[in-house]
$ cat data_24.pdb   # PDB, C-alpha atoms
ATOM      1  CA  MET A   1      -3.794  -7.329 -27.303
ATOM      2  CA  HIS A   2      -6.413  -4.919 -25.975
ATOM      3  CA  ALA A   3      -6.889  -4.029 -22.313
ATOM      4  CA  VAL A   4      -9.015  -2.006 -19.939
ATOM      5  CA  VAL A   5      -6.990  -0.793 -16.965
ATOM      6  CA  PHE A   6      -8.203   0.190 -13.503
ATOM      7  CA  ALA A   7      -5.312   2.125 -11.973
ATOM      8  CA  TYR A   8      -4.249   4.624  -9.323
ATOM      9  CA  HIS A   9      -1.183   5.612  -7.309
ATOM     10  CA  ASP A  10       2.452   5.053  -8.337
ATOM     11  CA  VAL A  11       1.899   1.335  -8.922
ATOM     12  CA  GLY A  12      -0.956   2.134 -11.286
ATOM     13  CA  LEU A  13       1.080   4.767 -13.090
ATOM     14  CA  ASN A  14       4.192   2.626 -13.547
ATOM     15  CA  CYS A  15       2.367  -0.573 -14.504
ATOM     16  CA  LEU A  16       0.242   1.314 -17.034
ATOM     17  CA  LYS A  17       3.438   2.686 -18.562
ATOM     18  CA  ALA A  18       4.813  -0.883 -18.765
ATOM     19  CA  LEU A  19       1.726  -2.058 -20.658
ATOM     20  CA  LEU A  20       1.998   0.800 -23.138
ATOM     21  CA  THR A  21       5.713   0.177 -23.661
ATOM     22  CA  ALA A  22       4.973  -3.491 -24.406
ATOM     23  CA  GLY A  23       2.489  -2.500 -27.095
ATOM     24  CA  ILE A  24      -0.725  -3.360 -25.268
ATOM     25  CA  GLN A  25      -3.598  -1.301 -26.687
ATOM     26  CA  VAL A  26      -5.265   0.348 -23.683
ATOM     27  CA  ASP A  27      -8.802   1.246 -24.761
ATOM     28  CA  LEU A  28      -9.972   2.702 -21.448
ATOM     29  CA  VAL A  29      -8.521   3.613 -18.052
ATOM     30  CA  VAL A  30     -10.675   3.757 -14.929
ATOM     31  CA  THR A  31      -9.078   5.798 -12.143
ATOM     32  CA  HIS A  32      -9.967   8.041  -9.183
ATOM     33  CA  GLN A  33     -10.347  11.750  -8.747
ATOM     34  CA  ASP A  34      -7.786  12.978  -6.238
ATOM     35  CA  ASP A  35      -9.325  13.571  -2.819
ATOM     36  CA  PRO A  36      -8.752  17.194  -1.703
ATOM     37  CA  ASN A  37      -8.709  15.967   1.912
ATOM     38  CA  GLU A  38      -5.925  13.466   1.234
ATOM     39  CA  ASN A  39      -2.187  14.088   1.133
ATOM     40  CA  VAL A  40      -1.608  13.122  -2.509
ATOM     41  CA  TRP A  41       2.123  12.445  -2.783
ATOM     42  CA  PHE A  42       2.086  10.015  -5.701
ATOM     43  CA  GLY A  43       1.893  10.235  -9.488
ATOM     44  CA  SER A  44      -1.305  10.888 -11.447
ATOM     45  CA  VAL A  45      -2.754   8.200 -13.714
ATOM     46  CA  ALA A  46      -5.233  10.740 -15.097
ATOM     47  CA  LYS A  47      -2.404  13.059 -16.114
ATOM     48  CA  LEU A  48      -0.643  10.244 -17.972
ATOM     49  CA  CYS A  49      -3.883   9.455 -19.817
ATOM     50  CA  GLN A  50      -4.189  13.098 -20.842
ATOM     51  CA  GLU A  51      -0.610  13.105 -22.129
ATOM     52  CA  LYS A  52      -1.087   9.843 -24.072
ATOM     53  CA  ASN A  53      -4.636  10.616 -25.287
ATOM     54  CA  ILE A  54      -6.010   7.524 -23.561
ATOM     55  CA  PRO A  55      -9.730   7.674 -22.705
ATOM     56  CA  TYR A  56     -10.249   7.658 -18.936
ATOM     57  CA  ILE A  57     -13.121   7.962 -16.472
ATOM     58  CA  THR A  58     -13.410   8.413 -12.698
ATOM     59  CA  PRO A  59     -16.622   6.683 -11.567
ATOM     60  CA  SER A  60     -17.657   6.247  -7.936
ATOM     61  CA  ALA A  61     -17.820   2.768  -6.412
ATOM     62  CA  THR A  62     -21.599   2.635  -6.867
ATOM     63  CA  GLU A  63     -21.292   3.558 -10.542
ATOM     64  CA  LEU A  64     -18.897   0.747 -11.441
ATOM     65  CA  VAL A  65     -21.445  -1.929 -12.210
ATOM     66  CA  ASP A  66     -23.084   0.467 -14.709
ATOM     67  CA  LEU A  67     -19.900   0.227 -16.787
ATOM     68  CA  THR A  68     -20.599  -3.403 -17.686
ATOM     69  CA  PRO A  69     -22.259  -2.707 -21.078
ATOM     70  CA  LYS A  70     -19.393  -0.368 -22.025
ATOM     71  CA  LEU A  71     -16.794  -3.013 -21.219
ATOM     72  CA  GLN A  72     -18.788  -5.729 -22.961
ATOM     73  CA  ALA A  73     -18.694  -3.574 -26.086
ATOM     74  CA  LEU A  74     -14.934  -3.019 -25.754
ATOM     75  CA  ALA A  75     -14.417  -6.781 -25.224
ATOM     76  CA  PRO A  76     -10.848  -6.430 -23.904
ATOM     77  CA  ASP A  77      -8.478  -9.362 -23.900
ATOM     78  CA  TYR A  78      -7.383  -8.389 -20.394
ATOM     79  CA  ILE A  79      -8.647  -6.308 -17.529
ATOM     80  CA  PHE A  80      -5.874  -5.079 -15.245
ATOM     81  CA  SER A  81      -6.227  -3.573 -11.792
ATOM     82  CA  PHE A  82      -3.201  -1.719 -10.427
ATOM     83  CA  TYR A  83      -3.863  -0.260  -6.961
ATOM     84  CA  TYR A  84      -7.411   0.712  -7.879
ATOM     85  CA  ARG A  85      -9.233   1.342  -4.611
ATOM     86  CA  HIS A  86     -12.715  -0.094  -5.267
ATOM     87  CA  MET A  87     -13.757  -3.703  -5.560
ATOM     88  CA  ILE A  88     -14.447  -4.405  -9.229
ATOM     89  CA  PRO A  89     -17.840  -6.125  -9.690
ATOM     90  CA  ALA A  90     -17.886  -9.684 -11.036
ATOM     91  CA  PRO A  91     -19.889  -8.727 -14.187
ATOM     92  CA  ILE A  92     -17.031  -6.422 -15.177
ATOM     93  CA  LEU A  93     -14.393  -9.088 -14.523
ATOM     94  CA  ALA A  94     -16.325 -11.403 -16.822
ATOM     95  CA  CYS A  95     -15.831  -8.957 -19.699
ATOM     96  CA  ALA A  96     -12.165  -9.979 -20.080
ATOM     97  CA  LYS A  97     -11.796 -12.506 -22.895
ATOM     98  CA  ILE A  98      -8.586 -14.007 -21.480
ATOM     99  CA  ALA A  99      -8.219 -12.926 -17.831
ATOM    100  CA  ALA A 100      -8.758 -10.178 -15.271
ATOM    101  CA  LEU A 101      -5.527  -9.565 -13.345
ATOM    102  CA  ASN A 102      -4.753  -7.546 -10.213
ATOM    103  CA  MET A 103      -1.447  -6.349  -8.775
ATOM    104  CA  HIS A 104      -1.322  -6.647  -4.985
ATOM    105  CA  GLY A 105       1.363  -5.171  -2.725
ATOM    106  CA  SER A 106       2.326  -8.272  -0.762
ATOM    107  CA  LEU A 107       3.546 -11.813  -1.278
ATOM    108  CA  LEU A 108       0.177 -13.547  -1.467
ATOM    109  CA  PRO A 109      -1.387 -15.328   0.277
ATOM    110  CA  GLN A 110       0.113 -13.182   3.060
ATOM    111  CA  TYR A 111      -1.466  -9.776   3.763
ATOM    112  CA  ARG A 112      -4.518 -10.008   1.563
ATOM    113  CA  GLY A 113      -6.829  -6.992   1.843
ATOM    114  CA  ARG A 114      -6.143  -3.313   2.447
ATOM    115  CA  ALA A 115      -2.891  -1.458   3.170
ATOM    116  CA  PRO A 116      -0.638  -4.524   2.818
ATOM    117  CA  VAL A 117       2.652  -2.607   3.042
ATOM    118  CA  ASN A 118       1.594  -0.791   6.217
ATOM    119  CA  TRP A 119       0.378  -3.992   7.864
ATOM    120  CA  ALA A 120       3.566  -5.862   6.968
ATOM    121  CA  ILE A 121       5.729  -3.205   8.643
ATOM    122  CA  LEU A 122       3.392  -3.043  11.628
ATOM    123  CA  HIS A 123       3.930  -6.765  12.151
ATOM    124  CA  GLY A 124       7.702  -6.472  11.910
ATOM    125  CA  GLU A 125       8.085  -8.381   8.645
ATOM    126  CA  THR A 126      11.510  -8.367   6.993
ATOM    127  CA  GLN A 127      10.157  -9.137   3.517
ATOM    128  CA  THR A 128       7.181  -8.320   1.339
ATOM    129  CA  GLY A 129       6.684  -7.839  -2.383
ATOM    130  CA  ALA A 130       4.257  -7.606  -5.274
ATOM    131  CA  THR A 131       1.943 -10.294  -6.649
ATOM    132  CA  LEU A 132       0.059 -10.405  -9.941
ATOM    133  CA  HIS A 133      -2.969 -12.653  -9.602
ATOM    134  CA  ILE A 134      -6.258 -13.621 -11.196
ATOM    135  CA  MET A 135      -9.140 -11.463  -9.953
ATOM    136  CA  GLU A 136     -12.132 -13.171  -8.415
ATOM    137  CA  ALA A 137     -15.161 -11.864  -6.532
ATOM    138  CA  LYS A 138     -13.314 -12.586  -3.262
ATOM    139  CA  PRO A 139     -10.449 -10.091  -2.752
ATOM    140  CA  ASP A 140      -6.891 -11.208  -3.482
ATOM    141  CA  ALA A 141      -8.009 -14.829  -3.742
ATOM    142  CA  GLY A 142      -7.304 -15.875  -7.336
ATOM    143  CA  ASP A 143      -4.409 -17.926  -8.699
ATOM    144  CA  ILE A 144      -0.955 -16.326  -8.644
ATOM    145  CA  VAL A 145       0.505 -15.306 -12.009
ATOM    146  CA  GLY A 146       3.806 -13.820 -10.824
ATOM    147  CA  GLN A 147       5.603 -12.497  -7.737
ATOM    148  CA  SER A 148       8.671 -10.486  -6.791
ATOM    149  CA  ALA A 149      10.017 -10.093  -3.237
ATOM    150  CA  VAL A 150      11.634  -7.057  -1.595
ATOM    151  CA  SER A 151      13.334  -6.653   1.773
ATOM    152  CA  ILE A 152      12.084  -4.465   4.637
ATOM    153  CA  GLY A 153      14.854  -2.839   6.649
ATOM    154  CA  PRO A 154      14.452  -2.413  10.429
ATOM    155  CA  ASP A 155      14.121   1.381  10.162
ATOM    156  CA  GLU A 156      12.415   1.707   6.775
ATOM    157  CA  THR A 157       9.069   3.491   6.628
ATOM    158  CA  ALA A 158       5.997   2.543   4.618
ATOM    159  CA  THR A 159       6.987   5.087   1.976
ATOM    160  CA  ASP A 160      10.452   3.518   1.661
ATOM    161  CA  VAL A 161       8.984   0.054   1.282
ATOM    162  CA  PHE A 162       6.169   1.178  -1.016
ATOM    163  CA  SER A 163       8.795   2.538  -3.405
ATOM    164  CA  LYS A 164      10.419  -0.892  -3.479
ATOM    165  CA  VAL A 165       7.060  -2.614  -3.968
ATOM    166  CA  SER A 166       6.265  -0.271  -6.866
ATOM    167  CA  GLN A 167       9.489  -1.312  -8.565
ATOM    168  CA  ALA A 168       8.750  -4.962  -7.840
ATOM    169  CA  ALA A 169       5.293  -4.596  -9.403
ATOM    170  CA  VAL A 170       6.814  -3.305 -12.634
ATOM    171  CA  ALA A 171       9.300  -6.198 -12.595
ATOM    172  CA  VAL A 172       6.420  -8.673 -12.224
ATOM    173  CA  ILE A 173       4.537  -7.094 -15.136
ATOM    174  CA  HIS A 174       7.621  -7.135 -17.366
ATOM    175  CA  GLU A 175       8.220 -10.797 -16.550
ATOM    176  CA  ALA A 176       4.597 -11.759 -17.200
ATOM    177  CA  LEU A 177       3.981  -9.736 -20.378
ATOM    178  CA  PRO A 178       5.701 -12.060 -22.909
ATOM    179  CA  ASN A 179       3.327 -14.855 -21.894
ATOM    180  CA  LEU A 180       0.291 -12.597 -21.581
ATOM    181  CA  ILE A 181       0.821 -11.160 -25.061
ATOM    182  CA  LYS A 182       0.704 -14.729 -26.396
ATOM    183  CA  GLY A 183      -2.546 -15.310 -24.516
ATOM    184  CA  ASN A 184      -0.884 -17.561 -21.934
ATOM    185  CA  VAL A 185      -1.587 -16.911 -18.254
ATOM    186  CA  PRO A 186       0.761 -18.808 -15.901
ATOM    187  CA  ARG A 187      -1.003 -19.914 -12.717
ATOM    188  CA  LYS A 188      -0.142 -21.404  -9.375
ATOM    189  CA  PRO A 189      -2.529 -21.874  -6.452
ATOM    190  CA  ASN A 190      -3.056 -18.994  -4.013
ATOM    191  CA  GLU A 191      -3.245 -21.072  -0.839
ATOM    192  CA  LEU A 192      -5.451 -18.834   1.293
ATOM    193  CA  GLN A 193      -5.377 -21.132   4.322
ATOM    194  CA  LYS A 194      -1.645 -20.405   4.620
ATOM    195  CA  GLY A 195      -2.086 -16.635   4.430
ATOM    196  CA  SER A 196      -3.624 -13.689   6.253
ATOM    197  CA  TYR A 197      -6.175 -10.951   5.632
ATOM    198  CA  PHE A 198      -6.309  -7.401   7.026
ATOM    199  CA  GLY A 199      -8.800  -4.552   6.625
ATOM    200  CA  GLY A 200      -8.257  -0.866   6.043
ATOM    201  CA  ARG A 201      -6.582   1.461   8.523
ATOM    202  CA  LYS A 202      -7.874   4.779   9.868
ATOM    203  CA  PRO A 203      -5.823   7.750  11.124
ATOM    204  CA  ALA A 204      -7.068   7.008  14.664
ATOM    205  CA  ASP A 205      -5.284   3.636  14.491
ATOM    206  CA  GLY A 206      -2.010   5.544  14.702
ATOM    207  CA  GLN A 207      -2.348   6.237  18.435
ATOM    208  CA  ILE A 208       0.726   5.100  20.359
ATOM    209  CA  HIS A 209       0.026   2.891  23.377
ATOM    210  CA  TRP A 210       3.065   3.083  25.610
ATOM    211  CA  ASP A 211       2.135  -0.137  27.391
ATOM    212  CA  GLN A 212       3.160  -1.994  24.230
ATOM    213  CA  LYS A 213       6.670  -3.278  23.605
ATOM    214  CA  ALA A 214       9.228  -0.823  22.214
ATOM    215  CA  ILE A 215       9.527  -2.764  18.949
ATOM    216  CA  GLN A 216       5.748  -2.529  18.480
ATOM    217  CA  VAL A 217       5.806   1.245  18.955
ATOM    218  CA  HIS A 218       8.752   1.612  16.579
ATOM    219  CA  ASN A 219       6.996  -0.510  13.941
ATOM    220  CA  LEU A 220       3.796   1.527  14.274
ATOM    221  CA  VAL A 221       5.718   4.765  13.723
ATOM    222  CA  ARG A 222       7.412   3.302  10.624
ATOM    223  CA  ALA A 223       4.147   1.874   9.289
ATOM    224  CA  VAL A 224       2.229   5.161   9.302
ATOM    225  CA  ALA A 225       5.017   7.758   9.061
ATOM    226  CA  PRO A 226       4.243  10.837   6.934
ATOM    227  CA  PRO A 227       3.083  11.237   4.219
ATOM    228  CA  TYR A 228       0.713   8.706   5.804
ATOM    229  CA  PRO A 229      -1.318  10.167   8.712
ATOM    230  CA  GLY A 230       1.381   9.382  11.289
ATOM    231  CA  ALA A 231       1.585   7.867  14.762
ATOM    232  CA  PHE A 232       0.609  10.223  17.556
ATOM    233  CA  THR A 233       0.743  10.706  21.307
ATOM    234  CA  ASP A 234      -0.206  13.364  23.838
ATOM    235  CA  TYR A 235       2.472  15.401  25.564
ATOM    236  CA  GLN A 236       1.775  18.247  27.969
ATOM    237  CA  GLY A 237      -1.763  18.655  26.697
ATOM    238  CA  GLN A 238      -0.834  18.695  23.014
ATOM    239  CA  THR A 239      -1.219  15.955  20.414
ATOM    240  CA  MET A 240       2.123  15.292  18.757
ATOM    241  CA  THR A 241       2.749  13.410  15.519
ATOM    242  CA  VAL A 242       5.712  11.077  15.942
ATOM    243  CA  ALA A 243       7.398  10.813  12.555
ATOM    244  CA  ARG A 244      10.640   8.956  13.278
ATOM    245  CA  THR A 245      11.968   6.821  16.112
ATOM    246  CA  SER A 246      15.034   4.731  16.902
ATOM    247  CA  LEU A 247      15.700   1.696  19.073
ATOM    248  CA  LYS A 248      19.433   2.366  19.146
ATOM    249  CA  GLY A 249      21.264   3.811  22.116
ATOM    250  CA  PRO A 250      23.050   5.152  23.950
ATOM    251  CA  LEU A 251      20.530   6.191  26.576
ATOM    252  CA  PRO A 252      20.908   8.768  29.371
ATOM    253  CA  ALA A 253      21.581   7.264  32.773
ATOM    254  CA  ASN A 254      18.805   9.280  34.422
ATOM    255  CA  LEU A 255      15.869   7.884  32.402
ATOM    256  CA  ASP A 256      13.155   6.481  34.686
ATOM    257  CA  LEU A 257      12.249   3.161  33.092
ATOM    258  CA  SER A 258       9.452   2.564  35.588
ATOM    259  CA  VAL A 259       7.241   5.359  34.178
ATOM    260  CA  GLN A 260       5.671   4.686  30.795
ATOM    261  CA  GLY A 261       5.328   7.465  28.241
ATOM    262  CA  ILE A 262       7.330  10.475  27.084
ATOM    263  CA  GLN A 263      10.366  11.737  28.972
ATOM    264  CA  VAL A 264      12.593  14.593  27.822
ATOM    265  CA  VAL A 265      16.170  14.276  29.053
ATOM    266  CA  ASP A 266      19.160  16.343  27.929
ATOM    267  CA  ASN A 267      17.072  17.851  25.114
ATOM    268  CA  ARG A 268      16.347  14.374  23.760
ATOM    269  CA  VAL A 269      12.867  12.814  23.638
ATOM    270  CA  PHE A 270      12.286   9.235  24.731
ATOM    271  CA  GLY A 271       9.280   6.947  25.030
ATOM    272  CA  ILE A 272       9.319   4.394  27.848
ATOM    273  CA  CYS A 273       7.386   1.299  26.780
ATOM    274  CA  GLY A 274       5.578  -1.518  28.522
ATOM    275  CA  ASP A 275       8.569  -3.873  28.348
ATOM    276  CA  ARG A 276      10.752  -1.182  30.009
ATOM    277  CA  GLN A 277      12.557  -0.732  26.721
ATOM    278  CA  VAL A 278      13.006   2.693  25.145
ATOM    279  CA  VAL A 279      12.313   4.296  21.773
ATOM    280  CA  GLU A 280      14.003   7.588  21.059
ATOM    281  CA  VAL A 281      11.795  10.080  19.234
ATOM    282  CA  LEU A 282      13.993  11.580  16.537
ATOM    283  CA  GLU A 283      11.297  13.668  14.862
ATOM    284  CA  TRP A 284       7.937  14.901  16.086
ATOM    285  CA  PHE A 285       5.745  17.935  15.633
ATOM    286  CA  PRO A 286       2.315  19.232  16.694
ATOM    287  CA  ALA A 287      -0.391  17.222  14.943
ATOM    288  CA  ASN A 288      -2.151  20.349  13.693
ATOM    289  CA  LYS A 289       0.992  21.287  11.741
TER     290      LYS A 289
END
$ encode --input "data_24.pdb" --output "structure tokens"
Amino acid sequence: MHAVVFAYHDVGLNCLKALLTAGIQVDLVVTHQDDPNENVWFGSVAKLCQEKNIPYITPSATELVDLTPKLQALAPDYIFSFYYRHMIPAPILACAKIAALNMHGSLLPQYRGRAPVNWAILHGETQTGATLHIMEAKPDAGDIVGQSAVSIGPDETATDVFSKVSQAAVAVIHEALPNLIKGNVPRKPNELQKGSYFGGRKPADGQIHWDQKAIQVHNLVRAVAPPYPGAFTDYQGQTMTVARTSLKGPLPANLDLSVQGIQVVDNRVFGICGDRQVVEVLEWFPANK
């Protein structure tokens, strides 16, 4: 079996390795150049390609459609997308002789769209996972080929959960590969009307609003904790990145629960929230650090 793989991030790296281990002939990898303005804390697909002598390219989003003749000539059995950040144009998807498949970091049809792990934590979910599905022009909308669920602990950050999702993605690929190698693509409906869709997140979305409930603030901090951009708040004229919080006591008796926002008591930092519940700030630092 021959494949063209669009891949980035740890999921892209690990799923590409799984394909190679299974004996899939990867004729081309399409990946991204690392952004110098981004905190790149994950593995490099490009480096793996260099080590394995796999041809790879890093086109911009606007250049993708120009790849159609190249992919038509390669005529891959499969096109795979593993955490590739651009929408892949329909003419490219049509180049796959058997199927074009994408790995998504949620249990579809829930959390279609961007940043699924971050959104799941933000909404207080206790479970998410990885889904391999057929690619269509509409994002995350095609039939489901395979899924694997992972738990989300009450204090786990997006990085913690993303690590689990990465492992789940590899498990899904390993489970699907015996069928895919035979040219069989298992399918079950992706019932979009039962799911949800969310867009991308910006660093500015990490602002803490103390009029929210304590659980909402805690979930925001977990969802965007470093190495993501981080939740932030102002304190004494300085913007502070809040990296870790707790909802567990005990609390000082002299906290004023009627005043929302940051209070420092007995050298401990607390945030008083809109429901008069408290989050303790366990780690924070100036945003410019």
$ closest_residue --input "data_24.pdb" --among "A:Leu74, A:Ala171, A:Leu28, A:Leu67" --to "A:Lys52" --atoms "only C-alpha atoms"
A:Leu28
$ closest_atom_pairs --input "data_24.pdb" --of "stretch 140-237 of chain A" --to "stretch 278-285 of chain A" --cutoff "12 Å" --atoms "only C-alpha atoms" --output "CSV"
residue,atom,partner,partner_atom,distance
A:Ile208,CA,A:Val279,CA,11.7
A:Trp210,CA,A:Val278,CA,10.0
A:Asp211,CA,A:Val278,CA,11.5
A:Gln212,CA,A:Val278,CA,10.9
A:Lys213,CA,A:Val278,CA,8.8
A:Ala214,CA,A:Val278,CA,5.9
A:Ile215,CA,A:Val279,CA,8.1
A:Gln216,CA,A:Val279,CA,10.0
A:Val217,CA,A:Val279,CA,7.7
A:His218,CA,A:Val279,CA,6.8
A:Asn219,CA,A:Val279,CA,10.6
A:Leu220,CA,A:Val279,CA,11.7
A:Val221,CA,A:Val281,CA,9.8
A:Arg222,CA,A:Val281,CA,11.8
A:Ala225,CA,A:Glu283,CA,10.4
A:Pro226,CA,A:Trp284,CA,10.7
A:Gly230,CA,A:Trp284,CA,9.8
A:Ala231,CA,A:Trp284,CA,9.6
A:Phe232,CA,A:Trp284,CA,8.8
A:Thr233,CA,A:Trp284,CA,9.8
A:Asp234,CA,A:Phe285,CA,11.1
A:Tyr235,CA,A:Phe285,CA,10.8
$ resolve_selection --input "data_24.pdb" --expression "the PyMOL selection byres ((chain A and resi 176) around 9)" --output "list of chain:residue names"
A:Leu132, A:Val145, A:Gly146, A:Ala171, A:Val172, A:Ile173, A:His174, A:Glu175, A:Leu177, A:Pro178, A:Asn179, A:Leu180, A:Ile181, A:Val185, A:Pro186
$ resolve_selection --input "data_24.pdb" --expression "the PyMOL selection byres ((chain A and resi 119-128) around 9)" --output "PyMOL selection string"
chain A and resi 105-107+110-111+114-118+129-130+148-154+156-158+161+165+198+201+215-224
$ residues_near_point --input "data_24.pdb" --point "(-0.6, 19.3, 21.0)" --cutoff "6 Å" --atoms "only C-alpha atoms" --output "list in words"
Gly237, Gln238, Thr239, Met240 and Pro286 of chain A
$ resolve_selection --input "data_24.pdb" --expression "the PyMOL selection byres ((chain A and resi 254) around 12)" --output "list in words"
Leu251, Pro252, Ala253, Leu255, Asp256, Leu257, Ser258, Gln263, Val264, Val265, Asp266 and Phe270 of chain A
$ atom_distance --input "data_24.pdb" --atom1 "atom CA of A:Ile88" --atom2 "atom CA of A:Ser166"
21.3 Å
$ atom_distance --input "data_24.pdb" --atom1 "atom CA of A:Ala243" --atom2 "atom CA of A:Trp41"
16.3 Å
$ atom_distance --input "data_24.pdb" --atom1 "atom CA of A:Lys164" --atom2 "atom CA of A:Pro229"
20.2 Å
$ axis_aligned_box --input "data_24.pdb" --around "stretch 244-249 of chain A" --padding-each-side "6 Å" --output "AutoDock Vina command-line options"
--center_x 16.0 --center_y 5.3 --center_z 17.7 --size_x 22.6 --size_y 19.3 --size_z 20.8
$ residues_around --input "data_24.pdb" --residues "A:Lys182" --least-positions-apart "5" --cutoff "12 Å" --atoms "only C-alpha atoms" --output "PyMOL selection string"
chain A and resi 1+24+77-78+98+176-177
$ closest_residue --input "data_24.pdb" --among "A:Ala141, A:Val65, A:Met103, A:Val29" --to "A:Ala168" --atoms "only C-alpha atoms"
A:Met103
$ residues_around --input "data_24.pdb" --residues "A:Leu16" --least-positions-apart "4" --cutoff "9 Å" --atoms "all atoms listed in the file" --output "VMD selection string"
chain A and resid 5 7 11 to 12 20 to 21 26 45 82
$ closest_residue --input "data_24.pdb" --among "A:Gly249, A:Phe162, A:Cys95, A:Gly271" --to "A:Pro227" --atoms "only C-alpha atoms"
A:Phe162
$ closest_residue --input "data_24.pdb" --among "A:Ala94, A:Val259, A:Cys273, A:Ile144" --to "A:Pro189" --atoms "only C-alpha atoms"
A:Ile144
$ closest_residue --input "data_24.pdb" --among "A:Thr68, A:Arg112, A:Asn184, A:Ala137" --to "A:Gly199" --atoms "only C-alpha atoms"
A:Arg112
$ closest_residue --input "data_24.pdb" --among "A:Gln207, A:Thr131, A:Gln193, A:Thr245" --to "A:Gln167" --atoms "only C-alpha atoms"
A:Thr131
